[in-house]
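Peer 1: start16.cif is reproduced below (mmCIF, C-alpha atoms).
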```
data_structure
#
loop_
_atom_site.label_atom_id
_atom_site.label_comp_id
_atom_site.auth_asym_id
_atom_site.auth_seq_id
_atom_site.Cartn_x
_atom_site.Cartn_y
_atom_site.Cartn_z
CA MET A 1 108.21 81.86 95.19
CA THR A 2 109.77 83.48 98.25
CA GLU A 3 113.54 83.85 97.98
CA PHE A 4 115.77 83.93 101.06
CA VAL A 5 119.04 85.31 99.69
CA PRO A 6 122.19 84.61 101.75
CA LEU A 7 124.09 87.30 103.58
CA ALA A 8 126.46 89.23 101.33
CA GLU A 9 129.63 90.07 103.24
CA PRO A 10 130.26 93.39 101.49
CA GLY A 11 127.97 96.10 102.78
CA ARG A 12 126.19 96.86 106.00
CA HIS A 13 124.76 94.17 108.24
CA PHE A 14 123.63 94.71 111.80
CA THR A 15 123.35 92.28 114.73
CA ARG A 16 121.54 92.41 118.06
CA SER A 17 120.68 89.71 120.63
CA ARG A 18 117.37 88.98 122.30
CA ARG A 19 116.48 86.43 124.99
CA VAL A 20 113.26 84.46 124.42
CA ARG A 21 110.85 85.49 127.19
CA LEU A 22 107.54 84.19 128.53
CA GLY A 23 105.47 86.58 126.44
CA ASP A 24 107.08 85.31 123.23
CA VAL A 25 106.31 81.58 123.49
CA ASP A 26 103.40 79.15 123.24
CA VAL A 27 102.30 76.61 125.85
CA ASP A 28 105.21 74.33 124.85
CA GLY A 29 107.81 77.06 125.40
CA VAL A 30 108.41 77.50 121.64
CA LEU A 31 108.82 80.96 120.09
CA ARG A 32 105.61 81.96 118.26
CA PRO A 33 105.53 83.58 114.78
CA ASP A 34 104.16 86.81 116.28
CA GLY A 35 107.10 86.76 118.70
CA VAL A 36 109.45 86.55 115.71
CA ALA A 37 107.62 89.51 114.12
CA ARG A 38 108.30 91.63 117.22
CA TYR A 39 111.97 90.69 117.13
CA LEU A 40 112.14 91.70 113.46
CA GLN A 41 110.57 95.09 114.18
CA ASP A 42 112.97 95.69 117.06
CA VAL A 43 116.16 94.81 115.18
CA ALA A 44 115.01 96.82 112.14
CA GLY A 45 114.41 99.83 114.37
CA ASP A 46 117.76 99.40 116.11
CA ASP A 47 119.50 99.13 112.73
CA ALA A 48 117.80 102.30 111.46
CA ASP A 49 118.68 104.18 114.65
CA ASP A 50 122.29 103.08 114.38
CA SER A 51 122.48 104.10 110.72
CA VAL A 52 121.12 107.59 111.53
CA ILE A 53 118.44 107.59 108.79
CA ILE A 54 115.40 106.76 110.95
CA SER A 55 114.32 110.40 111.26
CA GLU A 56 113.75 110.79 107.52
CA ASP A 57 110.71 108.55 107.02
CA VAL A 58 108.24 106.18 108.66
CA TRP A 59 108.54 102.64 107.32
CA VAL A 60 105.70 100.11 107.20
CA VAL A 61 105.80 96.38 106.43
CA ARG A 62 104.02 95.22 103.29
CA ARG A 63 104.82 91.51 103.46
CA THR A 64 106.86 89.14 105.62
CA ALA A 65 107.85 85.51 105.21
CA LEU A 66 109.70 83.24 107.60
CA ARG A 67 110.86 79.66 107.56
CA ILE A 68 112.75 77.15 109.64
CA ALA A 69 116.26 76.96 108.20
CA PRO A 70 117.61 73.57 107.06
CA GLY A 71 118.68 71.81 110.24
CA GLY A 72 117.12 74.60 112.33
CA ALA A 73 114.23 74.82 114.77
CA TRP A 74 112.17 77.42 116.57
CA PRO A 75 114.10 79.00 119.46
CA ARG A 76 112.79 78.10 122.89
CA LEU A 77 112.12 79.85 126.17
CA GLY A 78 115.29 81.21 127.76
CA GLU A 79 117.52 80.85 124.72
CA GLU A 80 119.63 83.78 123.53
CA VAL A 81 118.81 84.62 119.92
CA SER A 82 121.24 86.54 117.72
CA LEU A 83 119.48 88.49 114.94
CA THR A 84 121.48 89.66 111.93
CA THR A 85 119.70 91.94 109.46
CA TRP A 86 120.66 93.49 106.15
CA CYS A 87 119.18 94.97 102.97
CA ALA A 88 118.85 92.26 100.31
CA GLY A 89 117.35 94.33 97.47
CA THR A 90 115.37 97.42 96.52
CA GLY A 91 112.60 98.73 94.29
CA ALA A 92 111.51 102.25 93.44
CA ALA A 93 109.67 102.81 96.72
CA TRP A 94 110.44 99.79 98.86
CA ALA A 95 113.33 97.73 100.20
CA GLU A 96 113.76 94.09 101.14
CA ARG A 97 115.16 93.28 104.58
CA ARG A 98 116.56 89.86 105.36
CA THR A 99 117.03 88.77 108.97
CA ASP A 100 118.55 85.52 110.26
CA LEU A 101 117.96 84.16 113.77
CA ARG A 102 120.75 82.09 115.31
CA VAL A 103 121.13 80.27 118.62
CA ARG A 104 124.71 79.42 119.63
CA ASP A 105 125.84 80.13 116.04
CA ARG A 106 123.31 77.67 114.63
CA LEU A 107 121.02 79.15 111.96
CA MET A 108 117.47 78.54 113.19
CA VAL A 109 115.05 80.81 111.32
CA GLU A 110 115.31 82.81 108.08
CA THR A 111 113.03 85.77 107.38
CA VAL A 112 112.47 88.24 104.57
CA ALA A 113 110.30 91.37 104.67
CA LEU A 114 109.30 94.13 102.26
CA TRP A 115 109.39 97.57 103.90
CA VAL A 116 107.89 100.73 102.39
CA PRO A 117 108.69 104.34 103.41
CA VAL A 118 105.52 106.45 103.72
CA ASP A 119 104.66 110.11 104.26
CA PRO A 120 102.36 111.32 107.10
CA THR A 121 99.27 110.45 104.99
CA GLY A 122 100.48 106.89 104.40
CA ARG A 123 101.47 107.35 100.76
CA PRO A 124 104.62 105.52 99.60
CA LEU A 125 107.79 107.54 99.04
CA ARG A 126 110.68 106.85 96.72
CA LEU A 127 113.86 105.68 98.40
CA ARG A 128 116.14 108.58 99.28
CA PRO A 129 119.78 108.83 98.13
CA THR A 130 120.84 108.57 101.78
CA PHE A 131 119.23 105.12 101.93
CA PHE A 132 121.52 103.86 99.17
CA GLU A 133 124.52 105.47 100.84
CA VAL A 134 123.92 103.24 103.87
CA TYR A 135 122.37 100.07 102.40
CA GLY A 136 123.19 100.14 98.70
CA GLU A 137 126.35 98.02 98.88
CA ALA A 138 124.59 95.20 100.72
CA ALA A 139 121.65 95.29 98.26
CA ALA A 140 124.23 94.83 95.45
CA GLY A 141 121.86 96.13 92.78
CA ARG A 142 119.32 93.33 93.31
CA ARG A 143 115.83 94.46 92.29
CA VAL A 144 112.76 93.13 94.10
CA SER A 145 109.10 93.37 93.14
CA GLY A 146 106.63 95.26 95.30
CA ARG A 147 103.64 93.59 93.66
CA VAL A 148 101.18 91.69 95.83
CA THR A 149 98.10 89.83 94.61
CA VAL A 150 94.84 89.76 96.54
CA VAL A 151 93.33 86.28 96.81
CA ALA A 152 89.85 86.30 98.37
CA PRO A 153 88.92 83.48 100.77
CA PRO A 154 86.53 80.76 99.60
CA ALA A 155 82.91 81.23 100.66
CA TRP A 156 82.95 77.98 102.67
CA SER A 157 85.91 78.94 104.90
CA ALA A 158 85.41 79.18 108.66
CA ARG A 159 84.67 82.71 109.89
CA ARG A 160 84.61 84.48 113.23
CA PRO A 161 85.01 88.02 114.61
CA TRP A 162 88.55 89.19 115.38
CA CYS A 163 88.80 91.74 118.16
CA VAL A 164 91.04 94.80 117.80
CA ARG A 165 92.53 95.75 121.17
CA ARG A 166 93.88 99.18 122.00
CA SER A 167 97.22 97.57 122.81
CA ASP A 168 97.40 96.30 119.21
CA LEU A 169 97.62 99.81 117.75
CA ASP A 170 100.88 101.46 116.72
CA VAL A 171 101.90 105.12 116.58
CA ILE A 172 100.02 105.74 113.32
CA GLY A 173 96.79 104.27 114.70
CA HIS A 174 96.86 100.98 112.79
CA VAL A 175 97.02 97.43 114.12
CA ASN A 176 100.72 96.69 114.43
CA ASN A 177 102.33 94.11 112.16
CA ALA A 178 103.29 91.85 115.08
CA ALA A 179 99.72 91.95 116.45
CA VAL A 180 98.38 90.87 113.06
CA TRP A 181 100.65 87.81 113.21
CA CYS A 182 98.66 86.72 116.28
CA ALA A 183 95.85 85.77 113.90
CA LEU A 184 98.09 83.21 112.22
CA SER A 185 99.27 81.93 115.61
CA GLU A 186 95.60 81.37 116.58
CA VAL A 187 94.79 79.08 113.66
CA ALA A 188 98.11 77.25 113.20
CA SER A 189 97.81 74.73 116.02
CA GLU A 190 100.86 72.69 114.94
CA SER A 191 104.50 73.69 114.62
CA VAL A 192 104.84 76.01 111.62
CA ARG A 193 107.71 75.41 109.17
CA TYR A 194 106.94 78.31 106.82
CA ALA A 195 104.60 81.29 107.06
CA SER A 196 103.97 84.51 105.17
CA LEU A 197 101.73 87.51 105.74
CA VAL A 198 100.77 90.23 103.23
CA HIS A 199 99.24 93.55 104.24
CA HIS A 200 96.81 94.78 101.58
CA GLY A 201 95.50 97.65 103.70
CA PRO A 202 95.49 98.96 107.27
CA ILE A 203 93.23 97.83 110.11
CA GLY A 204 92.06 100.62 112.39
CA ALA A 205 90.75 100.79 115.93
CA GLN A 206 87.10 101.14 114.87
CA ASP A 207 87.09 98.46 112.18
CA ASN A 208 84.87 95.41 112.53
CA VAL A 209 87.30 92.68 111.60
CA GLU A 210 86.40 89.17 110.48
CA MET A 211 88.96 86.36 110.60
CA VAL A 212 88.53 83.76 107.86
CA HIS A 213 90.60 80.61 107.82
CA GLU A 214 91.08 77.16 106.40
CA PRO A 215 94.00 74.72 106.71
CA GLY A 216 97.14 76.57 105.66
CA ARG A 217 95.46 79.96 105.05
CA VAL A 218 94.13 82.89 107.08
CA TRP A 219 92.60 86.25 106.14
CA LEU A 220 91.51 89.36 108.02
CA LEU A 221 88.60 91.18 106.36
CA VAL A 222 86.97 94.56 106.99
CA ASP A 223 83.52 94.90 105.40
CA GLY A 224 84.40 92.07 103.02
CA ASP A 225 87.65 93.72 101.96
CA VAL A 226 90.85 91.67 102.40
CA ARG A 227 93.23 93.68 104.58
CA VAL A 228 95.64 90.86 105.49
CA ALA A 229 96.28 87.48 103.90
CA GLY A 230 98.51 84.77 105.32
CA GLU A 231 99.58 81.25 104.53
CA TYR A 232 101.54 78.65 106.44
CA ARG A 233 102.87 75.12 106.30
CA VAL A 234 103.22 72.83 109.30
CA GLU A 235 105.28 69.73 110.07
#
```
Let me see the structure of the file written as structure tokens.
Peer 2:
Amino acid sequence: MTEFVPLAEPGRHFTRSRRVRLGDVDVDGVLRPDGVARYLQDVAGDDADDSVIISEDVWVVRRTALRIAPGGAWPRLGEEVSLTTWCAGTGAAWAERRTDLRVRDRLMVETVALWVPVDPTGRPLRLRPTFFEVYGEAAAGRRVSGRVTVVAPPAWSARRPWCVRRSDLDVIGHVNNAAVWCALSEVASESVRYASLVHHGPIGAQDNVEMVHEPGRVWLLVDGDVRVAGEYRVE
């Protein structure tokens, strides 16, 4: 069960604003889940830059979940979104980042993501003491699990190729987290109330990717191996 812990006032939290632009919305002018994923990456990067610990490690996302807050809604084209992010818990080699999206002080979307620091080969690293100096008070000793379970798609699920574009790749040569969210946006034709995405392995430029989906679920496979698994609920 995904937990969206509330903001703890003691400790570091960081806020930036972003206007919803044309490239972020669907045909109805509503912010897409992959647009939210880009916002989350941006505010996380801005927070790390501001905290002066970004140069120590590269961080990758292992899982992300987002939901419409009670009484909230997806932001729309032209609206100014305020994003507040903070550390909501830690494990041995990962940290949980919560981010809230507000429009005119109204809580619209809640998100939670598990971030993992990695070395140049992609292997996870233990959290450094400097991390706790900056984010430890906000985490308040809360421990979070880094465990993810692979659930293979049923044999009868719909399947089709999923093209990897050069523009989808990030600085370490893998399909970027936000680009992967586009797969969920493709199959969720109705307004999503909750969605989550788990990265079980990277997707590279030369991989032949297959998208598998059924109502409420989507997978990206490489040679039959589950690299990404997502689920969603609609209105």
Peer 1: With all atoms listed in the file as the atoms that count, which of A:Ala65, A:Val118, A:Leu220, A:Leu77 lies nearest to Val27 in chain A?
Peer 2: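 Nearest to Val27 in chain A: A:Leu77.
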Peer 1: When the PyMOL selection byres ((chain A and resi 207) around 10) is applied to the file above, which residues end up in the set, as a list in words?
Peer 2: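 With the shown file as input, the PyMOL selection byres ((chain A and resi 207) around 10) matches Trp162, Cys163, Val164, Pro202, Ile203, Gly204, Ala205, Gln206, Asn208, Val209, Glu210, Leu221, Val222 and Asp223 of chain A.
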Peer 1: Applied to the shown file, which residues does the PyMOL selection byres ((chain A and resi 174) around 12) return, written as a PDB file with C-alpha atoms, keeping the file's coordinate frame?
Peer 2:
```
ATOM      1  CA  VAL A  60     105.700 100.110 107.200  1.00  0.00           C
ATOM      2  CA  VAL A  61     105.800  96.380 106.430  1.00  0.00           C
ATOM      3  CA  GLY A 122     100.480 106.890 104.400  1.00  0.00           C
ATOM      4  CA  VAL A 164      91.040  94.800 117.800  1.00  0.00           C
ATOM      5  CA  ARG A 165      92.530  95.750 121.170  1.00  0.00           C
ATOM      6  CA  ARG A 166      93.880  99.180 122.000  1.00  0.00           C
ATOM      7  CA  SER A 167      97.220  97.570 122.810  1.00  0.00           C
ATOM      8  CA  ASP A 168      97.400  96.300 119.210  1.00  0.00           C
ATOM      9  CA  LEU A 169      97.620  99.810 117.750  1.00  0.00           C
ATOM     10  CA  ASP A 170     100.880 101.460 116.720  1.00  0.00           C
ATOM     11  CA  VAL A 171     101.900 105.120 116.580  1.00  0.00           C
ATOM     12  CA  ILE A 172     100.020 105.740 113.320  1.00  0.00           C
ATOM     13  CA  GLY A 173      96.790 104.270 114.700  1.00  0.00           C
ATOM     14  CA  VAL A 175      97.020  97.430 114.120  1.00  0.00           C
ATOM     15  CA  ASN A 176     100.720  96.690 114.430  1.00  0.00           C
ATOM     16  CA  ASN A 177     102.330  94.110 112.160  1.00  0.00           C
ATOM     17  CA  ALA A 178     103.290  91.850 115.080  1.00  0.00           C
ATOM     18  CA  ALA A 179      99.720  91.950 116.450  1.00  0.00           C
ATOM     19  CA  VAL A 180      98.380  90.870 113.060  1.00  0.00           C
ATOM     20  CA  HIS A 199      99.240  93.550 104.240  1.00  0.00           C
ATOM     21  CA  GLY A 201      95.500  97.650 103.700  1.00  0.00           C
ATOM     22  CA  PRO A 202      95.490  98.960 107.270  1.00  0.00           C
ATOM     23  CA  ILE A 203      93.230  97.830 110.110  1.00  0.00           C
ATOM     24  CA  GLY A 204      92.060 100.620 112.390  1.00  0.00           C
ATOM     25  CA  ALA A 205      90.750 100.790 115.930  1.00  0.00           C
ATOM     26  CA  GLN A 206      87.100 101.140 114.870  1.00  0.00           C
ATOM     27  CA  ASP A 207      87.090  98.460 112.180  1.00  0.00           C
ATOM     28  CA  ARG A 227      93.230  93.680 104.580  1.00  0.00           C
TER      29      ARG A 227
END
```
Peer 1: Can you tell me how far CA of Ala183 in chain A sits from CA of Cys87 in chain A, in Å to one decimal?
Peer 2: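 Straight-line distance from CA of Ala183 in chain A to CA of Cys87 in chain A works out to 27.4 Å.
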Peer 1: Could you jot down the CA of Val109 in chain A to CA of Pro75 in chain A separation for me, Å, one decimal place?
Peer 2: 8.4 Å
Peer 1: Could you write out as number ranges by chain the residues that the PyMOL selection byres ((chain A and resi 12) around 9) matches in the shown file?
Peer 2: A: 8-11, 13-14, 85-87, 134-138
Peer 1: With C-alpha atoms retained, export the selected residues as an mmCIF file, keeping the file's coordinate frame.
Peer 2:
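After the write, result04.cif holds the following:
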```cif
data_model
loop_
_atom_site.group_PDB
_atom_site.id
_atom_site.type_symbol
_atom_site.label_atom_id
_atom_site.label_comp_id
_atom_site.auth_asym_id
_atom_site.auth_seq_id
_atom_site.Cartn_x
_atom_site.Cartn_y
_atom_site.Cartn_z
ATOM 1 C CA ALA A 8 126.460 89.230 101.330
ATOM 2 C CA GLU A 9 129.630 90.070 103.240
ATOM 3 C CA PRO A 10 130.260 93.390 101.490
ATOM 4 C CA GLY A 11 127.970 96.100 102.780
ATOM 5 C CA HIS A 13 124.760 94.170 108.240
ATOM 6 C CA PHE A 14 123.630 94.710 111.800
ATOM 7 C CA THR A 85 119.700 91.940 109.460
ATOM 8 C CA TRP A 86 120.660 93.490 106.150
ATOM 9 C CA CYS A 87 119.180 94.970 102.970
ATOM 10 C CA VAL A 134 123.920 103.240 103.870
ATOM 11 C CA TYR A 135 122.370 100.070 102.400
ATOM 12 C CA GLY A 136 123.190 100.140 98.700
ATOM 13 C CA GLU A 137 126.350 98.020 98.880
ATOM 14 C CA ALA A 138 124.590 95.200 100.720
#
```
Peer 1: From the set A:Trp219, A:Tyr232, A:Trp181, A:Trp74, which residue has the shortest atom-to-atom contact distance to Val25 in chain A, counting only C-alpha atoms?
Peer 2: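 Distance minimum relative to Val25 in chain A lands on A:Trp74.
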Peer 1: Can you fill out range 170-194 of chain A with N, CA and C atoms and hand it back as an mmCIF file, in the coordinates of the input?
Peer 2:
```cif
data_model
loop_
_atom_site.group_PDB
_atom_site.id
_atom_site.type_symbol
_atom_site.label_atom_id
_atom_site.label_comp_id
_atom_site.auth_asym_id
_atom_site.auth_seq_id
_atom_site.Cartn_x
_atom_site.Cartn_y
_atom_site.Cartn_z
ATOM 1 N N ASP A 170 99.554 100.852 116.722
ATOM 2 C CA ASP A 170 100.880 101.460 116.720
ATOM 3 C C ASP A 170 100.766 102.979 116.680
ATOM 4 N N VAL A 171 101.875 103.659 116.460
ATOM 5 C CA VAL A 171 101.900 105.120 116.580
ATOM 6 C C VAL A 171 101.145 105.816 115.467
ATOM 7 N N ILE A 172 100.818 105.126 114.379
ATOM 8 C CA ILE A 172 100.020 105.740 113.320
ATOM 9 C C ILE A 172 98.565 105.286 113.379
ATOM 10 N N GLY A 173 98.183 104.620 114.477
ATOM 11 C CA GLY A 173 96.790 104.270 114.700
ATOM 12 C C GLY A 173 96.310 103.031 113.991
ATOM 13 N N HIS A 174 97.215 102.221 113.468
ATOM 14 C CA HIS A 174 96.860 100.980 112.790
ATOM 15 C C HIS A 174 97.263 99.787 113.647
ATOM 16 N N VAL A 175 96.609 98.651 113.427
ATOM 17 C CA VAL A 175 97.020 97.430 114.120
ATOM 18 C C VAL A 175 98.444 97.100 113.692
ATOM 19 N N ASN A 176 99.304 96.933 114.675
ATOM 20 C CA ASN A 176 100.720 96.690 114.430
ATOM 21 C C ASN A 176 100.933 95.360 113.710
ATOM 22 N N ASN A 177 101.984 95.314 112.904
ATOM 23 C CA ASN A 177 102.330 94.110 112.160
ATOM 24 C C ASN A 177 102.435 92.876 113.052
ATOM 25 N N ALA A 178 103.117 92.999 114.188
ATOM 26 C CA ALA A 178 103.290 91.850 115.080
ATOM 27 C C ALA A 178 101.954 91.378 115.640
ATOM 28 N N ALA A 179 101.042 92.325 115.939
ATOM 29 C CA ALA A 179 99.720 91.950 116.450
ATOM 30 C C ALA A 179 98.928 91.193 115.401
ATOM 31 N N VAL A 180 99.079 91.575 114.134
ATOM 32 C CA VAL A 180 98.380 90.870 113.060
ATOM 33 C C VAL A 180 98.852 89.419 112.971
ATOM 34 N N TRP A 181 100.144 89.187 113.240
ATOM 35 C CA TRP A 181 100.650 87.810 113.210
ATOM 36 C C TRP A 181 99.980 86.922 114.252
ATOM 37 N N CYS A 182 99.377 87.524 115.276
ATOM 38 C CA CYS A 182 98.660 86.720 116.280
ATOM 39 C C CYS A 182 97.517 85.941 115.644
ATOM 40 N N ALA A 183 96.931 86.481 114.571
ATOM 41 C CA ALA A 183 95.850 85.770 113.900
ATOM 42 C C ALA A 183 96.349 84.442 113.339
ATOM 43 N N LEU A 184 97.536 84.459 112.747
ATOM 44 C CA LEU A 184 98.090 83.210 112.220
ATOM 45 C C LEU A 184 98.417 82.251 113.360
ATOM 46 N N SER A 185 98.944 82.787 114.462
ATOM 47 C CA SER A 185 99.270 81.930 115.610
ATOM 48 C C SER A 185 98.015 81.275 116.186
ATOM 49 N N GLU A 186 96.856 81.943 116.068
ATOM 50 C CA GLU A 186 95.600 81.370 116.580
ATOM 51 C C GLU A 186 95.168 80.148 115.799
ATOM 52 N N VAL A 187 95.344 80.156 114.484
ATOM 53 C CA VAL A 187 94.790 79.080 113.660
ATOM 54 C C VAL A 187 95.795 77.980 113.352
ATOM 55 N N ALA A 188 97.084 78.260 113.464
ATOM 56 C CA ALA A 188 98.110 77.250 113.200
ATOM 57 C C ALA A 188 98.401 76.518 114.503
ATOM 58 N N SER A 189 97.700 75.426 114.740
ATOM 59 C CA SER A 189 97.810 74.730 116.020
ATOM 60 C C SER A 189 99.036 73.836 116.102
ATOM 61 N N GLU A 190 99.657 73.515 114.946
ATOM 62 C CA GLU A 190 100.860 72.690 114.940
ATOM 63 C C GLU A 190 102.087 73.568 114.696
ATOM 64 N N SER A 191 103.256 72.961 114.810
ATOM 65 C CA SER A 191 104.500 73.690 114.620
ATOM 66 C C SER A 191 104.635 74.142 113.167
ATOM 67 N N VAL A 192 104.773 75.432 112.965
ATOM 68 C CA VAL A 192 104.840 76.010 111.620
ATOM 69 C C VAL A 192 106.268 75.899 111.088
ATOM 70 N N ARG A 193 106.396 75.472 109.826
ATOM 71 C CA ARG A 193 107.710 75.410 109.170
ATOM 72 C C ARG A 193 107.938 76.620 108.279
ATOM 73 N N TYR A 194 106.866 77.144 107.702
ATOM 74 C CA TYR A 194 106.940 78.310 106.820
ATOM 75 C C TYR A 194 105.654 79.113 107.002
#
```
